[in-house]
Every structure is written in structure tokens, then in C-alpha cells.
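J.: Data: start_38.pdb, PDB, C-alpha atoms and all ligand atoms.
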```pdb
ATOM      1  CA  MET H 943      20.154  -2.595  -0.180
ATOM      2  CA  SER H 944      17.986  -0.798   2.335
ATOM      3  CA  ALA H 945      19.507   1.691   4.715
ATOM      4  CA  ARG H 946      19.401   1.455   8.459
ATOM      5  CA  LEU H 947      16.902   3.812   9.964
ATOM      6  CA  PRO H 948      17.660   6.123  12.867
ATOM      7  CA  PRO H 949      16.426   5.078  16.308
ATOM      8  CA  VAL H 950      12.632   5.230  16.484
ATOM      9  CA  GLY H 951       9.886   4.379  18.918
ATOM     10  CA  ILE H 952       8.152   1.098  18.143
ATOM     11  CA  ALA H 953       4.947   0.747  20.121
ATOM     12  CA  GLY H 954       6.316   3.201  22.665
ATOM     13  CA  VAL H 955       9.694   1.467  23.055
ATOM     14  CA  CYS H 956      12.921   3.002  21.776
ATOM     15  CA  HIS H 957      14.972   0.577  19.704
ATOM     16  CA  ALA H 958      18.602   1.317  18.834
ATOM     17  CA  VAL H 959      18.365   0.165  15.201
ATOM     18  CA  PHE H 960      15.664  -0.999  12.860
ATOM     19  CA  VAL H 961      16.397  -2.364   9.434
ATOM     20  CA  ASP H 962      14.040  -1.771   6.512
ATOM     21  CA  GLU H 963      13.954  -5.492   5.787
ATOM     22  CA  GLU H 964      11.785  -5.879   8.891
ATOM     23  CA  LEU H 965       9.008  -4.044   7.002
ATOM     24  CA  TRP H 966       8.429  -6.964   4.634
ATOM     25  CA  ALA H 967       9.891  -9.838   6.672
ATOM     26  CA  ALA H 968       6.425 -10.770   7.965
ATOM     27  CA  TYR H 969       5.284 -11.300   4.358
ATOM     28  CA  ASP H 970       8.280 -13.556   3.731
ATOM     29  CA  ARG H 971       7.198 -15.602   6.727
ATOM     30  CA  MET H 972       3.453 -15.597   5.925
ATOM     31  CA  GLY H 973       3.899 -16.209   2.172
ATOM     32  CA  LEU H 974       1.102 -18.295   0.706
ATOM     33  CA  SER H 975      -1.014 -18.098   3.865
ATOM     34  CA  PHE H 976      -1.246 -14.296   3.430
ATOM     35  CA  GLN H 977      -2.261 -14.656  -0.218
ATOM     36  CA  GLU H 978      -4.928 -17.217   0.669
ATOM     37  CA  HIS H 979      -6.179 -14.972   3.473
ATOM     38  CA  ALA H 980      -6.223 -11.846   1.261
ATOM     39  CA  ALA H 981      -8.176 -13.640  -1.486
ATOM     40  CA  ASP H 982     -11.360 -13.556   0.635
ATOM     41  CA  SER H 983     -10.622 -11.467   3.742
ATOM     42  CA  ALA H 984     -13.006  -8.724   4.803
ATOM     43  CA  PHE H 985     -10.449  -5.919   4.611
ATOM     44  CA  ASN H 986      -8.656  -6.998   1.407
ATOM     45  CA  ALA H 987     -11.260  -8.691  -0.797
ATOM     46  CA  HIS H 988     -14.458  -6.931   0.317
ATOM     47  CA  TYR H 989     -13.195  -3.465   1.230
ATOM     48  CA  ASP H 990      -9.878  -2.328  -0.248
ATOM     49  CA  ARG H 991      -9.745  -4.220  -3.543
ATOM     50  CA  PRO H 992     -13.191  -3.290  -4.931
ATOM     51  CA  ALA H 993     -12.642   0.356  -3.988
ATOM     52  CA  VAL H 994      -9.128   0.434  -5.499
ATOM     53  CA  LEU H 995     -10.301  -1.169  -8.746
ATOM     54  CA  ALA H 996     -13.180   1.315  -8.966
ATOM     55  CA  ALA H 997     -10.760   4.212  -8.414
ATOM     56  CA  LEU H 998      -8.433   2.789 -11.074
ATOM     57  CA  GLY H 999     -11.143   2.723 -13.751
ATOM     58  CA  PRO H1000     -10.839   0.719 -16.983
ATOM     59  CA  VAL H1001      -7.462  -1.003 -17.292
ATOM     60  CA  THR H1002      -7.883  -2.934 -20.544
ATOM     61  CA  GLY H1003      -5.041  -2.126 -22.865
ATOM     62  CA  ARG H1004      -3.354   0.151 -20.328
ATOM     63  CA  ARG H1005       0.214  -0.244 -19.142
ATOM     64  CA  VAL H1006      -0.184  -0.820 -15.404
ATOM     65  CA  LEU H1007       2.454  -1.065 -12.688
ATOM     66  CA  ASP H1008       1.313  -2.966  -9.587
ATOM     67  CA  ALA H1009       3.532  -1.700  -6.758
ATOM     68  CA  ALA H1010       3.528  -4.397  -4.050
ATOM     69  CA  CYS H1011       1.653  -7.012  -6.066
ATOM     70  CA  GLY H1012      -2.065  -7.802  -6.226
ATOM     71  CA  LEU H1013      -3.797  -6.353  -9.319
ATOM     72  CA  GLU H1014      -6.215  -8.343 -11.447
ATOM     73  CA  ARG H1015      -5.593  -9.017 -15.118
ATOM     74  CA  GLY H1016      -6.877  -7.228 -18.225
ATOM     75  CA  ALA H1017      -3.974  -4.865 -18.646
ATOM     76  CA  THR H1018      -0.319  -5.033 -19.522
ATOM     77  CA  VAL H1019       0.904  -5.449 -16.003
ATOM     78  CA  SER H1020       4.312  -5.169 -14.468
ATOM     79  CA  ALA H1021       4.606  -5.733 -10.772
ATOM     80  CA  PHE H1022       7.118  -5.585  -7.965
ATOM     81  CA  ASP H1023       7.353  -6.473  -4.314
ATOM     82  CA  ALA H1024      10.097  -6.263  -1.694
ATOM     83  CA  SER H1025       9.463  -9.743  -0.330
ATOM     84  CA  PRO H1026      11.287 -12.428  -2.349
ATOM     85  CA  VAL H1027       8.654 -14.923  -1.218
ATOM     86  CA  MET H1028       5.786 -12.722  -2.464
ATOM     87  CA  VAL H1029       7.645 -12.151  -5.756
ATOM     88  CA  ALA H1030       7.965 -15.915  -6.267
ATOM     89  CA  LEU H1031       4.284 -16.442  -5.411
ATOM     90  CA  ALA H1032       3.162 -13.682  -7.785
ATOM     91  CA  ARG H1033       5.213 -15.199 -10.607
ATOM     92  CA  GLN H1034       3.682 -18.585  -9.886
ATOM     93  CA  LEU H1035       0.111 -17.268  -9.646
ATOM     94  CA  THR H1036       0.384 -15.348 -12.896
ATOM     95  CA  ALA H1037       2.124 -18.256 -14.663
ATOM     96  CA  ASP H1038       4.935 -15.866 -15.602
ATOM     97  CA  GLN H1039       2.497 -13.811 -17.740
ATOM     98  CA  VAL H1040       3.358 -10.767 -15.643
ATOM     99  CA  ARG H1041       6.826  -9.327 -15.296
ATOM    100  CA  VAL H1042       7.391  -9.426 -11.530
ATOM    101  CA  GLU H1043      10.513  -7.790 -10.103
ATOM    102  CA  ARG H1044      11.977  -7.595  -6.651
ATOM    103  CA  ALA H1045      12.105  -3.913  -5.740
ATOM    104  CA  VAL H1046      11.524  -1.749  -2.698
ATOM    105  CA  LEU H1047       9.122   1.164  -2.306
ATOM    106  CA  GLY H1048      11.150   4.324  -1.776
ATOM    107  CA  GLU H1049      14.174   3.005  -3.663
ATOM    108  CA  PRO H1050      14.851   3.457  -7.407
ATOM    109  CA  LEU H1051      12.475   1.270  -9.446
ATOM    110  CA  PRO H1052      13.717  -0.875 -12.354
ATOM    111  CA  TYR H1053      11.547   0.839 -15.019
ATOM    112  CA  PRO H1054      12.253   3.638 -17.502
ATOM    113  CA  ASP H1055      10.664   7.097 -17.278
ATOM    114  CA  CYS H1056       7.041   7.413 -18.501
ATOM    115  CA  ALA H1057       6.678   3.617 -18.926
ATOM    116  CA  PHE H1058       3.140   3.293 -17.458
ATOM    117  CA  ASP H1059      -0.358   4.746 -17.853
ATOM    118  CA  LEU H1060      -1.376   3.704 -14.333
ATOM    119  CA  VAL H1061       0.325   2.797 -11.068
ATOM    120  CA  VAL H1062      -1.596   0.962  -8.360
ATOM    121  CA  CYS H1063      -0.167   0.591  -4.874
ATOM    122  CA  ALA H1064      -2.674  -1.200  -2.632
ATOM    123  CA  LEU H1065      -2.049  -1.321   1.113
ATOM    124  CA  ALA H1066       1.716  -0.970   0.973
ATOM    125  CA  ILE H1067       2.817   2.702   1.064
ATOM    126  CA  HIS H1068       2.772   2.546   4.883
ATOM    127  CA  TYR H1069       5.631   0.038   4.623
ATOM    128  CA  ALA H1070       7.862   2.513   2.760
ATOM    129  CA  SER H1071      10.335   4.230   5.051
ATOM    130  CA  ASP H1072      10.676   7.071   2.534
ATOM    131  CA  ARG H1073       7.168   7.768   1.260
ATOM    132  CA  ALA H1074       8.317  10.927  -0.571
ATOM    133  CA  ALA H1075      10.839   8.908  -2.589
ATOM    134  CA  ALA H1076       8.205   6.241  -3.304
ATOM    135  CA  PHE H1077       5.799   8.850  -4.737
ATOM    136  CA  ALA H1078       8.643  10.451  -6.719
ATOM    137  CA  GLU H1079       9.380   7.096  -8.337
ATOM    138  CA  PHE H1080       5.675   6.541  -9.142
ATOM    139  CA  CYS H1081       5.618   9.972 -10.788
ATOM    140  CA  ARG H1082       8.805   9.289 -12.760
ATOM    141  CA  VAL H1083       7.587   5.978 -14.238
ATOM    142  CA  LEU H1084       4.132   7.388 -15.165
ATOM    143  CA  ARG H1085       3.564   9.131 -18.478
ATOM    144  CA  PRO H1086       2.319  12.732 -18.270
ATOM    145  CA  GLY H1087      -1.451  12.527 -17.755
ATOM    146  CA  GLY H1088      -1.118   9.125 -16.056
ATOM    147  CA  ALA H1089      -2.589   8.315 -12.644
ATOM    148  CA  ALA H1090      -1.575   6.545  -9.455
ATOM    149  CA  VAL H1091      -4.071   4.924  -7.092
ATOM    150  CA  VAL H1092      -2.653   4.418  -3.617
ATOM    151  CA  SER H1093      -4.592   2.835  -0.753
ATOM    152  CA  THR H1094      -3.417   2.758   2.824
ATOM    153  CA  GLN H1095      -4.542   2.401   6.407
ATOM    154  CA  HIS H1096      -6.594   5.401   7.506
ATOM    155  CA  PRO H1097      -4.358   7.515   9.781
ATOM    156  CA  VAL H1098      -7.258   8.320  12.099
ATOM    157  CA  MET H1099      -7.996   4.623  12.597
ATOM    158  CA  ASP H1100      -4.307   3.954  13.301
ATOM    159  CA  TRP H1101      -4.073   6.891  15.704
ATOM    160  CA  LEU H1102      -7.172   5.767  17.639
ATOM    161  CA  ARG H1103      -5.748   2.224  17.834
ATOM    162  CA  LYS H1104      -2.226   3.268  18.806
ATOM    163  CA  ASN H1105      -2.736   6.531  20.756
ATOM    164  CA  GLY H1106       0.130   9.021  21.056
ATOM    165  CA  SER H1107       0.262  12.201  18.990
ATOM    166  CA  TYR H1108      -1.714  12.159  15.736
ATOM    167  CA  PHE H1109       0.843  14.579  14.277
ATOM    168  CA  GLN H1110       3.975  12.566  15.010
ATOM    169  CA  THR H1111       5.265  10.119  12.399
ATOM    170  CA  THR H1112       5.943   6.843  14.175
ATOM    171  CA  LEU H1113       6.859   3.292  13.351
ATOM    172  CA  GLU H1114       4.122   1.067  14.766
ATOM    173  CA  THR H1115       3.709  -2.668  15.157
ATOM    174  CA  ASP H1116       0.617  -4.845  14.801
ATOM    175  CA  ILE H1117       0.570  -8.524  15.665
ATOM    176  CA  TRP H1118      -1.174 -10.656  13.029
ATOM    177  CA  PRO H1119      -2.178 -14.250  13.622
ATOM    178  CA  SER H1120      -0.991 -16.636  10.916
ATOM    179  CA  PRO H1121      -0.525 -20.375  10.467
ATOM    180  CA  ALA H1122       3.214 -19.681  10.880
ATOM    181  CA  GLY H1123       2.531 -18.189  14.341
ATOM    182  CA  GLU H1124       1.946 -14.615  15.463
ATOM    183  CA  GLN H1125       3.667 -12.134  13.147
ATOM    184  CA  PRO H1126       4.871  -8.652  14.137
ATOM    185  CA  VAL H1127       3.935  -6.414  11.187
ATOM    186  CA  HIS H1128       5.648  -3.000  11.288
ATOM    187  CA  PHE H1129       4.241   0.012   9.481
ATOM    188  CA  TRP H1130       4.606   3.797   9.400
ATOM    189  CA  ARG H1131       1.864   5.972  10.864
ATOM    190  CA  GLU H1132       1.781   9.639   9.846
ATOM    191  CA  PRO H1133      -0.824  12.399   9.674
ATOM    192  CA  LEU H1134      -2.939  12.569   6.521
ATOM    193  CA  SER H1135      -1.383  15.929   5.636
ATOM    194  CA  ALA H1136       2.105  14.364   5.602
ATOM    195  CA  LEU H1137       0.981  11.614   3.200
ATOM    196  CA  CYS H1138      -0.686  14.167   0.908
ATOM    197  CA  THR H1139       2.360  16.455   1.016
ATOM    198  CA  ALA H1140       4.651  13.548   0.095
ATOM    199  CA  ALA H1141       2.465  12.940  -2.983
ATOM    200  CA  THR H1142       2.123  16.575  -4.078
ATOM    201  CA  ASP H1143       5.815  17.390  -3.466
ATOM    202  CA  ALA H1144       6.594  14.509  -5.843
ATOM    203  CA  GLY H1145       4.652  16.327  -8.596
ATOM    204  CA  PHE H1146       1.189  14.765  -8.270
ATOM    205  CA  LEU H1147      -2.144  16.536  -8.135
ATOM    206  CA  ILE H1148      -4.665  14.905  -5.788
ATOM    207  CA  GLU H1149      -7.666  14.128  -7.987
ATOM    208  CA  LYS H1150      -9.692  12.270  -5.348
ATOM    209  CA  LEU H1151      -9.420  11.290  -1.709
ATOM    210  CA  ILE H1152     -11.710   8.313  -1.142
ATOM    211  CA  GLU H1153     -12.834   6.920   2.207
ATOM    212  CA  PRO H1154     -14.315   3.606   1.024
ATOM    213  CA  ILE H1155     -17.384   1.953   2.428
ATOM    214  CA  PRO H1156     -17.518  -1.843   2.449
ATOM    215  CA  ALA H1157     -18.666  -3.739  -0.634
ATOM    216  CA  GLU H1158     -22.151  -5.290  -0.386
ATOM    217  CA  SER H1159     -20.445  -8.697  -0.587
ATOM    218  CA  MET H1160     -19.114  -8.085   2.957
ATOM    219  CA  ARG H1161     -22.574  -7.694   4.502
ATOM    220  CA  GLU H1162     -23.384 -11.413   4.625
ATOM    221  CA  ARG H1163     -19.850 -12.769   4.624
ATOM    222  CA  TYR H1164     -18.495 -10.609   7.489
ATOM    223  CA  PRO H1165     -21.502  -8.883   9.133
ATOM    224  CA  GLU H1166     -19.563  -7.483  12.128
ATOM    225  CA  ASP H1167     -16.820  -5.975   9.958
ATOM    226  CA  TYR H1168     -19.517  -4.628   7.634
ATOM    227  CA  GLU H1169     -21.319  -2.935  10.514
ATOM    228  CA  ARG H1170     -18.091  -1.423  11.848
ATOM    229  CA  LEU H1171     -16.619  -0.277   8.518
ATOM    230  CA  SER H1172     -19.954   1.288   7.584
ATOM    231  CA  LYS H1173     -19.508   3.608  10.588
ATOM    232  CA  GLU H1174     -15.747   4.109  10.980
ATOM    233  CA  PRO H1175     -12.917   4.600   8.512
ATOM    234  CA  GLY H1176     -10.508   1.714   8.002
ATOM    235  CA  PHE H1177      -8.565   2.603   4.862
ATOM    236  CA  LEU H1178      -8.315   5.519   2.471
ATOM    237  CA  ILE H1179      -7.428   5.849  -1.194
ATOM    238  CA  LEU H1180      -5.664   8.654  -3.043
ATOM    239  CA  ARG H1181      -6.142   8.973  -6.785
ATOM    240  CA  LEU H1182      -3.207  11.067  -8.004
ATOM    241  CA  LEU H1183      -2.640  12.655 -11.401
ATOM    242  CA  LYS H1184       0.682  13.362 -13.020
ATOM    243  CA  PRO H1185      -0.044  16.664 -14.820
ATOM    244  CA  ALA H1186       0.010  16.442 -18.605
ATOM    245  CA  ALA H1187       2.213  19.514 -18.787
ATOM    246  CA  PRO H1188       4.191  21.336 -16.096
ATOM    247  CA  ASP H1189       2.046  23.752 -14.103
ATOM    248  CA  PRO H1190       3.105  27.232 -15.339
ATOM    249  CA  GLY H1191       2.783  28.444 -11.732
ATOM    250  CA  THR H1192       5.436  26.014 -10.541
ATOM    251  CA  PRO H1193       8.863  27.665 -10.275
ATOM    252  CA  SER H1194      11.501  25.674 -12.183
TER
HETATM  253  C1  LIG A   1      -0.947  -5.928   2.608
HETATM  254  S1  LIG A   1       0.036  -6.623   1.297
HETATM  255  C2  LIG A   1      -0.830  -5.967  -0.102
HETATM  256  C3  LIG A   1      -0.664  -6.831  -1.319
HETATM  257  C4  LIG A   1      -1.531  -6.411  -2.543
HETATM  258  N1  LIG A   1      -1.182  -5.070  -2.989
HETATM  259  C5  LIG A   1      -2.986  -6.516  -2.237
HETATM  260  O1  LIG A   1      -3.656  -5.489  -2.194
HETATM  261  O2  LIG A   1      -3.470  -7.629  -2.007
HETATM  262  C6  LIG A   1       1.513  -5.655   1.357
HETATM  263  C7  LIG A   1       2.599  -6.066   0.375
HETATM  264  O3  LIG A   1       3.635  -5.083   0.447
HETATM  265  C8  LIG A   1       4.887  -5.719   0.363
HETATM  266  N2  LIG A   1       5.874  -4.833   0.971
HETATM  267  C9  LIG A   1       6.093  -4.589   2.272
HETATM  268  N3  LIG A   1       7.047  -3.660   2.425
HETATM  269  C10 LIG A   1       7.422  -3.281   1.178
HETATM  270  C11 LIG A   1       8.346  -2.333   0.672
HETATM  271  N4  LIG A   1       9.059  -1.538   1.489
HETATM  272  N5  LIG A   1       8.494  -2.216  -0.671
HETATM  273  C12 LIG A   1       7.740  -2.996  -1.519
HETATM  274  N6  LIG A   1       6.852  -3.915  -1.087
HETATM  275  C13 LIG A   1       6.681  -4.042   0.238
HETATM  276  C14 LIG A   1       4.677  -7.039   1.109
HETATM  277  O4  LIG A   1       5.649  -8.001   0.790
HETATM  278  C15 LIG A   1       3.264  -7.405   0.674
HETATM  279  O5  LIG A   1       3.270  -8.198  -0.493
END
```
Rewrite the coordinates I just gave you, this time as C-alpha cells.
T.:
Amino acid sequence: MSARLPPVGIAGVCHAVFVDEELWAAYDRMGLSFQEHAADSAFNAHYDRPAVLAALGPVTGRRVLDAACGLERGATVSAFDASPVMVALARQLTADQVRVERAVLGEPLPYPDCAFDLVVCALAIHYASDRAAAFAEFCRVLRPGGAAVVSTQHPVMDWLRKNGSYFQTTLETDIWPSPAGEQPVHFWREPLSALCTAATDAGFLIEKLIEPIPAESMRERYPEDYERLSKEPGFLILRLLKPAAPDPGTPS
């Protein structure tokens, strides 16, 4: 069960307690409407997903873990999500061909060491209260030489939208429209260096840092988003490598 977090500022207001469950509660409430939205939305389908799949490379025959579900087929996929509703939907959508677990980013994952060739975590690491622990678990379940591809909201975009100090880690809130009514969606904002340090302290080497540009498919479908995302960052992607052998320079 998720721990209670210490008091934090949410959108400039100090709240006495905040429970981790709030980080995925919006997805429980949005459920199918989020999945339908994400299937063809500008930011998911025409921006993040093509760039993440390109960063992932060939997946056929690879053992892939989809952390916070959403990967396409073609690989031996295991998946998890914190939202019981999203877990049920993923099982339904994949006709139980994919092993989908309920698990939380930043908590111990229900997989053995070195079980995967690839981990993909698309647009979810900013919902983990303990990003360092989340990266450590990705590293543990990857085989040596394996890779993790992690996409997230660009910290500069979030800082420009939310103001405050770029260097302070804060819990922020966006309000998303949905058929179930307006949804408060909470997420962690932190400087890029903090995200990178969480990954490298977990044992990863940063192979690539990608600032995607929109897919051509967005140009006609969402011309305004295309224009904007061609000029400003929206998301970023880290491709991380678990070294094949321990770095001899690393003290044991
Ligand atoms: C923006 S969606 C991304 C879904 C998918 N990866 C994609 O790219 O379409 C974020 C997902 O993260 C899940 N989530 C939120 N907080 C989480 C947490 N702490 N641990 C695991 N999953 C979480 C949500 O339930 C939701 O399914």
C-alpha cells in the first residue's frame, strides 16, 4: 500500500496530507474515455507514442515490460498499472494475451531480476512519488545490456505553465476535461537534472535524451498543436542502458 507523503504545495496551496492513490485516481475515474482519447489524441498518438516506439527500436521477439500500460504488440509483453480500472481495460483490450498486473511505480515490482530485454514507461514517471525507486526497479528487472525508454512531460514546459522555481520539486495539478467531468490530475514536477540523476543513481547510463518533434500525421489532424509543438518542447524521452558489466570505475 502506498505511503502518505509529507505536506507539499499543490498549485501553491499547502495541503496537510496527500495520498499516493490520488496520483492515479483520475485514471480510475476516466477509464475507457482516457483510452479512447489517447488512441488518437495529438499528444499521445501523434507525438509521444511514435517517438517512444522509435526510441525503443525493434521489439519482435524481445521480452518487454510496459510500465503504466500502452505498448503495441509484436513482443512478449508484460504490463502493469496502478489504476485497477486501467488494468482491467488493458486485460480486456489485449484479450488476456498480455500479463497485466496491478503495481505501482516506485514500489517493488512483481517480476524477477533480469526478466526483460526492454522496459517502456510512457508518460507515467511523473506520477511516481519516488522516481529513484522506480528507476531502481526498472534496472533490477532488466537484463544486463537491456534498455529502458521513459517519456515524460518536459520540465521546462511544466515550469513555464506553472511558474515558481524551476529547481524546486513540486506536486502540481492540471485539470483535464473528460466525459466524467473535470478531473484534477496530479503530477510531480522536477528539474531535468533531478530526473537524470534518479536514473543514473539507479545504475543506468543515459544513451539518448530525445526532445521529440510531432509526427507528420499531426500536421493535418491537429494543425495548431503541430505548429506549437514544432516550436516548443512538450515531452522528452530518455533512452537508458543497463550496463552489460559493472563499470570498473564504480566503487563497490
Ligand atoms: C498518461 S497515461 C499513459 C498510458 C500509456 N503508457 C500510454 O502511453 O498511452 C498514465 C498511466 O499511468 C498510470 N499511473 C498513474 N500513476 C501511476 C503510478 N504511481 N504507478 C503506476 N501507474 C500509474 C495511470 O493509471 C495511467 O494508465
J.: If the PyMOL selection byres (((not hetatm)) within 8 of (chain A and resi 1)) is run on the structure shown, which residues does it catch, given as a PDB file with C-alpha atoms, keeping the file's coordinate frame?
T.:
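The file below, result35.pdb, is the result:
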```pdb
ATOM      1  CA  ASP H 962      14.040  -1.771   6.512  1.00  0.00           C
ATOM      2  CA  GLU H 963      13.954  -5.492   5.787  1.00  0.00           C
ATOM      3  CA  LEU H 965       9.008  -4.044   7.002  1.00  0.00           C
ATOM      4  CA  TRP H 966       8.429  -6.964   4.634  1.00  0.00           C
ATOM      5  CA  ALA H 967       9.891  -9.838   6.672  1.00  0.00           C
ATOM      6  CA  ALA H 968       6.425 -10.770   7.965  1.00  0.00           C
ATOM      7  CA  TYR H 969       5.284 -11.300   4.358  1.00  0.00           C
ATOM      8  CA  ASP H 970       8.280 -13.556   3.731  1.00  0.00           C
ATOM      9  CA  GLN H 977      -2.261 -14.656  -0.218  1.00  0.00           C
ATOM     10  CA  ALA H 980      -6.223 -11.846   1.261  1.00  0.00           C
ATOM     11  CA  ALA H 981      -8.176 -13.640  -1.486  1.00  0.00           C
ATOM     12  CA  ASN H 986      -8.656  -6.998   1.407  1.00  0.00           C
ATOM     13  CA  ALA H 987     -11.260  -8.691  -0.797  1.00  0.00           C
ATOM     14  CA  ASP H 990      -9.878  -2.328  -0.248  1.00  0.00           C
ATOM     15  CA  ARG H 991      -9.745  -4.220  -3.543  1.00  0.00           C
ATOM     16  CA  ASP H1008       1.313  -2.966  -9.587  1.00  0.00           C
ATOM     17  CA  ALA H1009       3.532  -1.700  -6.758  1.00  0.00           C
ATOM     18  CA  ALA H1010       3.528  -4.397  -4.050  1.00  0.00           C
ATOM     19  CA  CYS H1011       1.653  -7.012  -6.066  1.00  0.00           C
ATOM     20  CA  GLY H1012      -2.065  -7.802  -6.226  1.00  0.00           C
ATOM     21  CA  LEU H1013      -3.797  -6.353  -9.319  1.00  0.00           C
ATOM     22  CA  PHE H1022       7.118  -5.585  -7.965  1.00  0.00           C
ATOM     23  CA  ASP H1023       7.353  -6.473  -4.314  1.00  0.00           C
ATOM     24  CA  ALA H1024      10.097  -6.263  -1.694  1.00  0.00           C
ATOM     25  CA  SER H1025       9.463  -9.743  -0.330  1.00  0.00           C
ATOM     26  CA  PRO H1026      11.287 -12.428  -2.349  1.00  0.00           C
ATOM     27  CA  VAL H1027       8.654 -14.923  -1.218  1.00  0.00           C
ATOM     28  CA  MET H1028       5.786 -12.722  -2.464  1.00  0.00           C
ATOM     29  CA  VAL H1029       7.645 -12.151  -5.756  1.00  0.00           C
ATOM     30  CA  ALA H1045      12.105  -3.913  -5.740  1.00  0.00           C
ATOM     31  CA  VAL H1046      11.524  -1.749  -2.698  1.00  0.00           C
ATOM     32  CA  LEU H1047       9.122   1.164  -2.306  1.00  0.00           C
ATOM     33  CA  GLY H1048      11.150   4.324  -1.776  1.00  0.00           C
ATOM     34  CA  CYS H1063      -0.167   0.591  -4.874  1.00  0.00           C
ATOM     35  CA  ALA H1064      -2.674  -1.200  -2.632  1.00  0.00           C
ATOM     36  CA  LEU H1065      -2.049  -1.321   1.113  1.00  0.00           C
ATOM     37  CA  ALA H1066       1.716  -0.970   0.973  1.00  0.00           C
ATOM     38  CA  ILE H1067       2.817   2.702   1.064  1.00  0.00           C
ATOM     39  CA  HIS H1068       2.772   2.546   4.883  1.00  0.00           C
ATOM     40  CA  TYR H1069       5.631   0.038   4.623  1.00  0.00           C
ATOM     41  CA  ALA H1070       7.862   2.513   2.760  1.00  0.00           C
ATOM     42  CA  SER H1071      10.335   4.230   5.051  1.00  0.00           C
TER      43      SER H1071
END
```
J.: If I take CA of Tyr1108 in chain H and CA of Pro1133 in chain H, how far is one from the other in Å, to one decimal?
T.: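 Separating CA of Tyr1108 in chain H from CA of Pro1133 in chain H is a distance of 6.1 Å.
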J.: Go through range 1105-1148 of chain H and flag each residue having an atom no more than 12 Å from range 1082-1089 of chain H; for those, report the closest pair of atoms plus their distance in Å to one decimal, using only C-alpha atoms, ordered by chain and rising number, as JSON lines.
T.:
```
{"residue": "H:Ala1141", "atom": "CA", "partner": "H:Ala1089", "partner_atom": "CA", "distance": 11.8}
{"residue": "H:Ala1144", "atom": "CA", "partner": "H:Arg1082", "partner_atom": "CA", "distance": 8.9}
{"residue": "H:Gly1145", "atom": "CA", "partner": "H:Arg1082", "partner_atom": "CA", "distance": 9.2}
{"residue": "H:Phe1146", "atom": "CA", "partner": "H:Ala1089", "partner_atom": "CA", "distance": 8.7}
{"residue": "H:Leu1147", "atom": "CA", "partner": "H:Ala1089", "partner_atom": "CA", "distance": 9.4}
{"residue": "H:Ile1148", "atom": "CA", "partner": "H:Ala1089", "partner_atom": "CA", "distance": 9.7}
```
J.: Determine the residue set returned by the PyMOL selection byres (((chain H and resi 1168) around 10) and not hetatm) for the present structure, and present it as a PDB file with C-alpha atoms, in the frame of the given file.
T.:
```pdb
ATOM      1  CA  ALA H 984     -13.006  -8.724   4.803  1.00  0.00           C
ATOM      2  CA  PHE H 985     -10.449  -5.919   4.611  1.00  0.00           C
ATOM      3  CA  HIS H 988     -14.458  -6.931   0.317  1.00  0.00           C
ATOM      4  CA  TYR H 989     -13.195  -3.465   1.230  1.00  0.00           C
ATOM      5  CA  ILE H1155     -17.384   1.953   2.428  1.00  0.00           C
ATOM      6  CA  PRO H1156     -17.518  -1.843   2.449  1.00  0.00           C
ATOM      7  CA  ALA H1157     -18.666  -3.739  -0.634  1.00  0.00           C
ATOM      8  CA  GLU H1158     -22.151  -5.290  -0.386  1.00  0.00           C
ATOM      9  CA  SER H1159     -20.445  -8.697  -0.587  1.00  0.00           C
ATOM     10  CA  MET H1160     -19.114  -8.085   2.957  1.00  0.00           C
ATOM     11  CA  ARG H1161     -22.574  -7.694   4.502  1.00  0.00           C
ATOM     12  CA  GLU H1162     -23.384 -11.413   4.625  1.00  0.00           C
ATOM     13  CA  ARG H1163     -19.850 -12.769   4.624  1.00  0.00           C
ATOM     14  CA  TYR H1164     -18.495 -10.609   7.489  1.00  0.00           C
ATOM     15  CA  PRO H1165     -21.502  -8.883   9.133  1.00  0.00           C
ATOM     16  CA  GLU H1166     -19.563  -7.483  12.128  1.00  0.00           C
ATOM     17  CA  ASP H1167     -16.820  -5.975   9.958  1.00  0.00           C
ATOM     18  CA  GLU H1169     -21.319  -2.935  10.514  1.00  0.00           C
ATOM     19  CA  ARG H1170     -18.091  -1.423  11.848  1.00  0.00           C
ATOM     20  CA  LEU H1171     -16.619  -0.277   8.518  1.00  0.00           C
ATOM     21  CA  SER H1172     -19.954   1.288   7.584  1.00  0.00           C
ATOM     22  CA  LYS H1173     -19.508   3.608  10.588  1.00  0.00           C
TER      23      LYS H1173
END
```
J.: Check which residues satisfy the PyMOL selection byres (((chain H and resi 1110) around 10) and not hetatm) in the file shown, then give them as a list in words.
T.: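 Matching residues under the PyMOL selection byres (((chain H and resi 1110) around 10) and not hetatm) are Trp1101, Gly1106, Ser1107, Tyr1108, Phe1109, Thr1111, Thr1112, Leu1113, Arg1131, Glu1132, Pro1133 and Ala1136 of chain H.
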J.: Any idea what the distance is between CA of Thr1094 in chain H and CA of Glu978 in chain H?
T.: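 Separation between CA of Thr1094 in chain H and CA of Glu978 in chain H: 20.1 Å.
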J.: Distance CA of Ala1076 in chain H-CA of Lys1184 in chain H, one decimal place?
T.: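 For CA of Ala1076 in chain H relative to CA of Lys1184 in chain H, the distance reads 14.2 Å.
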J.: I'd like the neighbourhood of Phe1077 in chain H as a ChimeraX atom specification, where a residue qualifies if any of its atoms comes within 7 Å (using only C-alpha atoms), though same-chain residues fewer than 2 positions away should be ignored.
T.: /H:1073-1075,1079-1081,1140-1141,1144
J.: Compare H:Ala1122, H:Leu1183, H:Met1099, H:Leu974 by their minimum atom-to-atom distance to Leu1060 in chain H, counting all atoms listed in the file, and give me the closest one.
T.: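 Closest residue, counting all atoms listed in the file: H:Leu1183.
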